[in-house]
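A.B. asks: Sharing a structure with you now.
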Amino acid sequence: MNRALQPKHVAAVIRYQNDPLNALKMFNQVKTEDGFKHTLETYKCMIEKLGLHGKFEAMEDVLAEMRKNVDSKMLEGVYIGIMRDYGRKGKVQEAVNVFERMDFYDCEPSVQSYNAIMNILVEYGYFSQAHKVYMRMKDIGIYPDVYTHTIRMKSFCITGRPTAALRLLNNMPGQGCEFNAVSYCAVISGFYKENCQIEAYHLFDEMLKQGICPDILTFNKLIHVLCKKGNVQESEKLFSKVMKRGVCPNLFTFNIFIQGLCRKGAIDEAARLLESIVSEGLTPDVISYNTLICGFCKHSKLVEAECYLHKMVNSGVEPNEFTYNTIINGFCKAGMMQNADKILRDAMFKGFIPDEFTYSSLINGLCNDGDMNRAMAVFYEAMEKGFKHSIILYNTLVKGLSKQGLVLQALQLMKDMMEHGCSPDIWTYNLVVNGNGELDKAYELFVTIEKEYKFSYSTAIFNIMINAFCEKLNVSMAEKLFHKMGGSDCAPDNYTYRVMIDSYCKTGNIDLAHTFLLENISKGLVPSFTTCGKVLNCLCVTHRLSEAVVIINLMVQNGIVPEEVNSIFEADKKEVAAPKIVVEYLLKKSHITYYSYELLYDGIRNRKLDNKKFKRSTSLVSGKRVANHHRHI
DNA sequence: TTAGGGTTAG
């Protein structure tokens, strides 16, 4: 009979079923149908549906069953999909596990799988792990493709090194990969992110001149970087260029521009742009309105925000939870709690269920109003509604209590949260300790927390305190804490050193600034150019030139150099040029004064180089910088 | 759906 159930029908039903567990029920039921067997297609559909909805346990069960019935070699696509699902939900370890077990289950990962896991690692900031995957892939003999390179460029851009990304881009053709608009735009947005507008625009131009033009999707990503900074002008400049090449804006493009105008503070212009969308043959959607409403709220134009809430409803666009939360938060921030309440009630009448965002806005607003009783009531309501592990809700109330000077209650809340299995984070400590702005009490409190509540301290918590004292130029208290760190298990990190060195420079204690910088470097931490520059200025002003030159050389030895040094491949040239380049770079970026620059420039030239010491160090320059960078992650 | 698109809270 030809009427038998076919896999493609089953797959279609799974796809159209909204509830993943209902789909699973059906999936299991059809197994009992006479003569029916699940295929790669039906398994894949089922796994995709469960993964998309985060039903990972059920998904793993189906996967285990699939392994018994489908040839392992065919499963790479399924594994990649599962990695993506885990990645989307932030389950990075689970994604890695899937990747690591592919071999075991007799499915050899190809470049696609390597790319997939590398991308997840980079997205979540595990740069050194991503690099290890890359190295392993090369060791095995798999060739990286244009995706691999783009992911690596993205990793460099996220870590603020667009020049390194550019070098990668330029090397691609030599490795048998043609670059495309996506790889170009990754580097261009990397430069924009770092405010290197000239370099970015130059590269954009170069791309177009080569006949490579981004499609609207790639272009949108690029201008989103700019618009998030409120740089609409530059976005428009790029926009007119691609328009000439036949690229058409879509609704995403408009929404990105609306966001840019709002960020820039040109809300009325943003509103006009929204109105003009229709004349382009498109229709503003809920995100267009939400973005604009958010803009009005951020600029305290609550009347206009509410006006657009009504406008969207009248145009047939249904507000969603973003809309309500945005406008409720707007009213709460403005101290208009009654208005917030009215919107909330109307929204709930229409079926809106308050979530974490709503509760935190309300608690924040009530605290600012000084209405602690209601704030607590809303907080406990949220706890009952199932937000027991919400660090943000705890922090919101901790902030409120601390600001009102109710520090003991804030501490009690901190204790409660720990008892509920929710660990306080840096925000919590910061709020409790600095919340009421009375620093003299803060130290006592710090000690109290330690003794009475037996909280385990971390470097980050010490840093909060040290920074607070340094900001008030109370260096002796900061020192006291710094030494306390040595007595506990919390090692000072780069941030601790930066803060300490900064305040020594500010208060004119050059000896200690100098000592701390040397200690910082000797511990293998990498101080920033800014920090080095500050100490160098102090040393130069007091004519301690030889000590300053030693620091420049230490910077070179430890890879604290601008990118261009790494592009010098000949060791001899590098030896001579690196200190000079460092000094010039420090001046260019205004880390040192012109006075210091002149002294240092001569100092370097006149100093006889200790060749042995130098030779040993320069070969480490590029490698060490990367290693240090990874250590911070 | 292997790299590349828009909105909310401490």
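Chains: A, B, ... in order of the structure tokens. Residues: from 1 per chain. Ligands: from 1, in order shown.
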Within 7 Å of chain B, which residues of chain A are there when counting only C-alpha atoms (C1' of nucleotides)? Please give them as a short mmCIF file (atom, residue, chain, number, x, y, z; two decimals) with N, CA, C and O atoms, in the first residue's frame.
C.D. replies:
```
data_model
loop_
_atom_site.label_atom_id
_atom_site.label_comp_id
_atom_site.auth_asym_id
_atom_site.auth_seq_id
_atom_site.Cartn_x
_atom_site.Cartn_y
_atom_site.Cartn_z
N GLY A 81 24.68 21.34 14.86
CA GLY A 81 23.43 21.97 15.31
C GLY A 81 23.32 21.94 16.83
O GLY A 81 22.93 22.93 17.46
N GLN A 112 34.21 22.30 9.41
CA GLN A 112 32.96 22.92 9.87
C GLN A 112 32.77 22.79 11.39
O GLN A 112 32.40 23.72 12.06
N ASN A 115 35.19 24.98 13.19
CA ASN A 115 34.74 26.37 13.14
C ASN A 115 33.60 26.63 14.13
O ASN A 115 33.57 27.64 14.83
N ALA A 116 32.67 25.68 14.18
CA ALA A 116 31.50 25.86 15.05
C ALA A 116 31.93 26.00 16.50
O ALA A 116 31.49 26.92 17.20
N TYR A 147 35.91 30.86 6.86
CA TYR A 147 35.15 30.97 8.12
C TYR A 147 36.12 30.95 9.31
O TYR A 147 36.00 31.77 10.23
N THR A 150 37.81 34.20 9.61
CA THR A 150 36.93 35.27 10.07
C THR A 150 36.69 35.16 11.57
O THR A 150 36.65 36.16 12.28
N ILE A 151 36.54 33.93 12.05
CA ILE A 151 36.33 33.74 13.49
C ILE A 151 37.57 34.22 14.26
O ILE A 151 37.46 34.87 15.29
N VAL A 182 32.24 39.58 4.39
CA VAL A 182 32.06 39.30 5.82
C VAL A 182 33.40 39.44 6.55
O VAL A 182 33.49 40.07 7.61
N LEU A 217 22.75 42.27 5.06
CA LEU A 217 22.92 41.64 6.36
C LEU A 217 24.29 42.00 6.96
O LEU A 217 24.40 42.43 8.12
N THR A 218 25.30 41.84 6.15
CA THR A 218 26.66 42.15 6.60
C THR A 218 26.81 43.64 6.89
O THR A 218 27.44 44.04 7.86
N ASN A 220 24.44 45.72 7.79
CA ASN A 220 23.73 46.07 9.02
C ASN A 220 24.59 45.83 10.26
O ASN A 220 24.60 46.63 11.18
N LYS A 221 25.29 44.71 10.26
CA LYS A 221 26.16 44.40 11.39
C LYS A 221 27.20 45.51 11.58
O LYS A 221 27.48 45.94 12.69
N PHE A 252 15.67 46.10 9.39
CA PHE A 252 16.78 46.06 10.34
C PHE A 252 17.62 47.33 10.23
O PHE A 252 18.00 47.93 11.24
N ASN A 255 15.87 50.19 11.84
CA ASN A 255 15.86 50.08 13.30
C ASN A 255 17.24 50.39 13.90
O ASN A 255 17.34 50.99 14.97
N ILE A 256 18.27 50.00 13.20
CA ILE A 256 19.63 50.30 13.68
C ILE A 256 19.85 51.82 13.66
O ILE A 256 20.39 52.39 14.60
N ILE A 287 9.90 46.24 17.26
CA ILE A 287 11.25 46.66 17.66
C ILE A 287 11.51 48.12 17.29
O ILE A 287 12.14 48.85 18.05
N ASN A 290 9.78 49.95 20.04
CA ASN A 290 10.47 49.77 21.32
C ASN A 290 11.75 50.59 21.40
O ASN A 290 12.05 51.19 22.43
N THR A 291 12.49 50.59 20.30
CA THR A 291 13.76 51.32 20.29
C THR A 291 13.50 52.81 20.50
O THR A 291 14.19 53.47 21.28
N PHE A 322 9.03 43.71 26.06
CA PHE A 322 10.07 44.74 25.98
C PHE A 322 9.45 46.14 26.11
O PHE A 322 9.95 47.00 26.80
N ASN A 325 8.17 46.69 29.72
CA ASN A 325 9.28 46.84 30.67
C ASN A 325 10.03 48.15 30.47
O ASN A 325 10.44 48.81 31.42
N THR A 326 10.21 48.53 29.20
CA THR A 326 10.94 49.76 28.91
C THR A 326 10.22 50.97 29.49
O THR A 326 10.81 51.83 30.14
N PHE A 357 12.83 41.77 34.74
CA PHE A 357 13.06 43.17 34.34
C PHE A 357 12.06 44.09 35.05
O PHE A 357 12.42 45.13 35.58
N SER A 360 12.70 44.35 38.84
CA SER A 360 13.88 45.13 39.23
C SER A 360 13.64 46.63 39.01
O SER A 360 14.07 47.45 39.82
N SER A 361 12.90 46.98 37.95
CA SER A 361 12.56 48.39 37.75
C SER A 361 11.72 48.92 38.90
O SER A 361 11.96 50.01 39.42
N ILE A 392 20.22 39.89 40.12
CA ILE A 392 19.89 41.29 39.83
C ILE A 392 18.84 41.82 40.82
O ILE A 392 18.95 42.94 41.31
N LEU A 393 17.84 41.00 41.13
CA LEU A 393 16.83 41.46 42.08
C LEU A 393 17.45 41.68 43.47
O LEU A 393 17.16 42.67 44.14
N ASN A 395 20.56 42.40 44.10
CA ASN A 395 21.42 43.59 44.03
C ASN A 395 20.62 44.89 44.02
O ASN A 395 21.04 45.89 44.59
N THR A 396 19.47 44.85 43.35
CA THR A 396 18.64 46.05 43.30
C THR A 396 18.23 46.46 44.71
O THR A 396 18.31 47.63 45.09
#
```
A.B. asks: How far is it from atom CA of Gln17 of chain A to atom CA of Tyr86 of chain A, in Å with one decimal?
C.D. replies: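 Result for atom CA of Gln17 of chain A versus atom CA of Tyr86 of chain A: 21.3 Å, one decimal.
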A.B. asks: Residues within 9 Å of Ser596 of chain A, please, as a ChimeraX atom specification. Count only C-alpha atoms (C1' of nucleotides); anything in the same chain fewer than 5 positions from it doesn't count.
C.D. replies: /A:536-541,587,601
A.B. asks: With N, CA, C and O atoms kept, could you save the residues just selected as a JSON list (two decimals), in the first residue's frame?
C.D. replies:
```json
[["chain", "number", "residue", "atom", "x", "y", "z"],
["A", 536, "LEU", "N", 56.61, 56.87, 33.87],
["A", 536, "LEU", "CA", 57.70, 57.45, 33.08],
["A", 536, "LEU", "C", 57.70, 58.98, 33.21],
["A", 536, "LEU", "O", 58.75, 59.60, 33.39],
["A", 537, "ASN", "N", 56.53, 59.58, 33.13],
["A", 537, "ASN", "CA", 56.44, 61.04, 33.29],
["A", 537, "ASN", "C", 57.00, 61.48, 34.63],
["A", 537, "ASN", "O", 57.78, 62.44, 34.71],
["A", 538, "CYS", "N", 56.60, 60.77, 35.69],
["A", 538, "CYS", "CA", 57.09, 61.13, 37.02],
["A", 538, "CYS", "C", 58.61, 61.02, 37.10],
["A", 538, "CYS", "O", 59.27, 61.89, 37.66],
["A", 539, "LEU", "N", 59.15, 59.94, 36.54],
["A", 539, "LEU", "CA", 60.60, 59.75, 36.60],
["A", 539, "LEU", "C", 61.33, 60.84, 35.81],
["A", 539, "LEU", "O", 62.35, 61.37, 36.24],
["A", 540, "CYS", "N", 60.77, 61.18, 34.64],
["A", 540, "CYS", "CA", 61.43, 62.19, 33.80],
["A", 540, "CYS", "C", 61.43, 63.57, 34.48],
["A", 540, "CYS", "O", 62.43, 64.28, 34.46],
["A", 541, "VAL", "N", 60.29, 63.90, 35.06],
["A", 541, "VAL", "CA", 60.18, 65.20, 35.71],
["A", 541, "VAL", "C", 61.22, 65.34, 36.82],
["A", 541, "VAL", "O", 61.75, 66.42, 37.06],
["A", 587, "LEU", "N", 54.02, 58.87, 23.06],
["A", 587, "LEU", "CA", 53.76, 60.29, 22.83],
["A", 587, "LEU", "C", 52.49, 60.46, 21.99],
["A", 587, "LEU", "O", 51.62, 61.26, 22.31],
["A", 601, "TYR", "N", 63.87, 59.86, 24.33],
["A", 601, "TYR", "CA", 64.39, 59.63, 22.99],
["A", 601, "TYR", "C", 65.93, 59.68, 23.01],
["A", 601, "TYR", "O", 66.60, 58.80, 22.48]]
```
A.B. asks: Do you have the atom CA of Gly559 of chain A-atom CA of Ile198 of chain A distance handy?
C.D. replies: 26.0 Å
A.B. asks: Suppose you want the space between atom CA of Cys367 of chain A and atom CA of Met336 of chain A; what is it in Å?
C.D. replies: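 Atom CA of Cys367 of chain A sits 12.5 Å away from atom CA of Met336 of chain A.
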A.B. asks: Applying 12 Å and only C-alpha atoms (C1' of nucleotides), which residues near Met376 of chain A remain after dropping the ones on its own chain fewer than 4 positions away? List them as a list in words.
C.D. replies: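 My list of contacting residues is Tyr359, Ser360, Leu362, Ile363, Asn364, Gly365, Leu366, Cys367, Gly370, Asp371, Met372, Tyr380, Glu381, Ala382, Met383, Leu393, Tyr394, Thr396, Leu397, Val398, Gly400, Leu401, Gln409, Ala410 and Leu413 of chain A.
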A.B. asks: Which of segment 345-463 of chain A end up as helix (DSSP H, G or I) when DSSP is run on this backbone - answer as JSON, numbers by chain?
C.D. replies: {"A": [345, 346, 347, 348, 349, 356, 357, 358, 359, 360, 361, 362, 363, 364, 365, 366, 367, 368, 372, 373, 374, 375, 376, 377, 378, 379, 380, 381, 382, 383, 384, 391, 392, 393, 394, 395, 396, 397, 398, 399, 400, 401, 402, 403, 407, 408, 409, 410, 411, 412, 413, 414, 415, 416, 417, 418, 419, 426, 427, 428, 429, 430, 431, 432, 433, 434, 439, 440, 441, 442, 443, 444, 445, 446, 447, 448, 449, 450, 451, 452, 453, 459, 460, 461, 462, 463]}
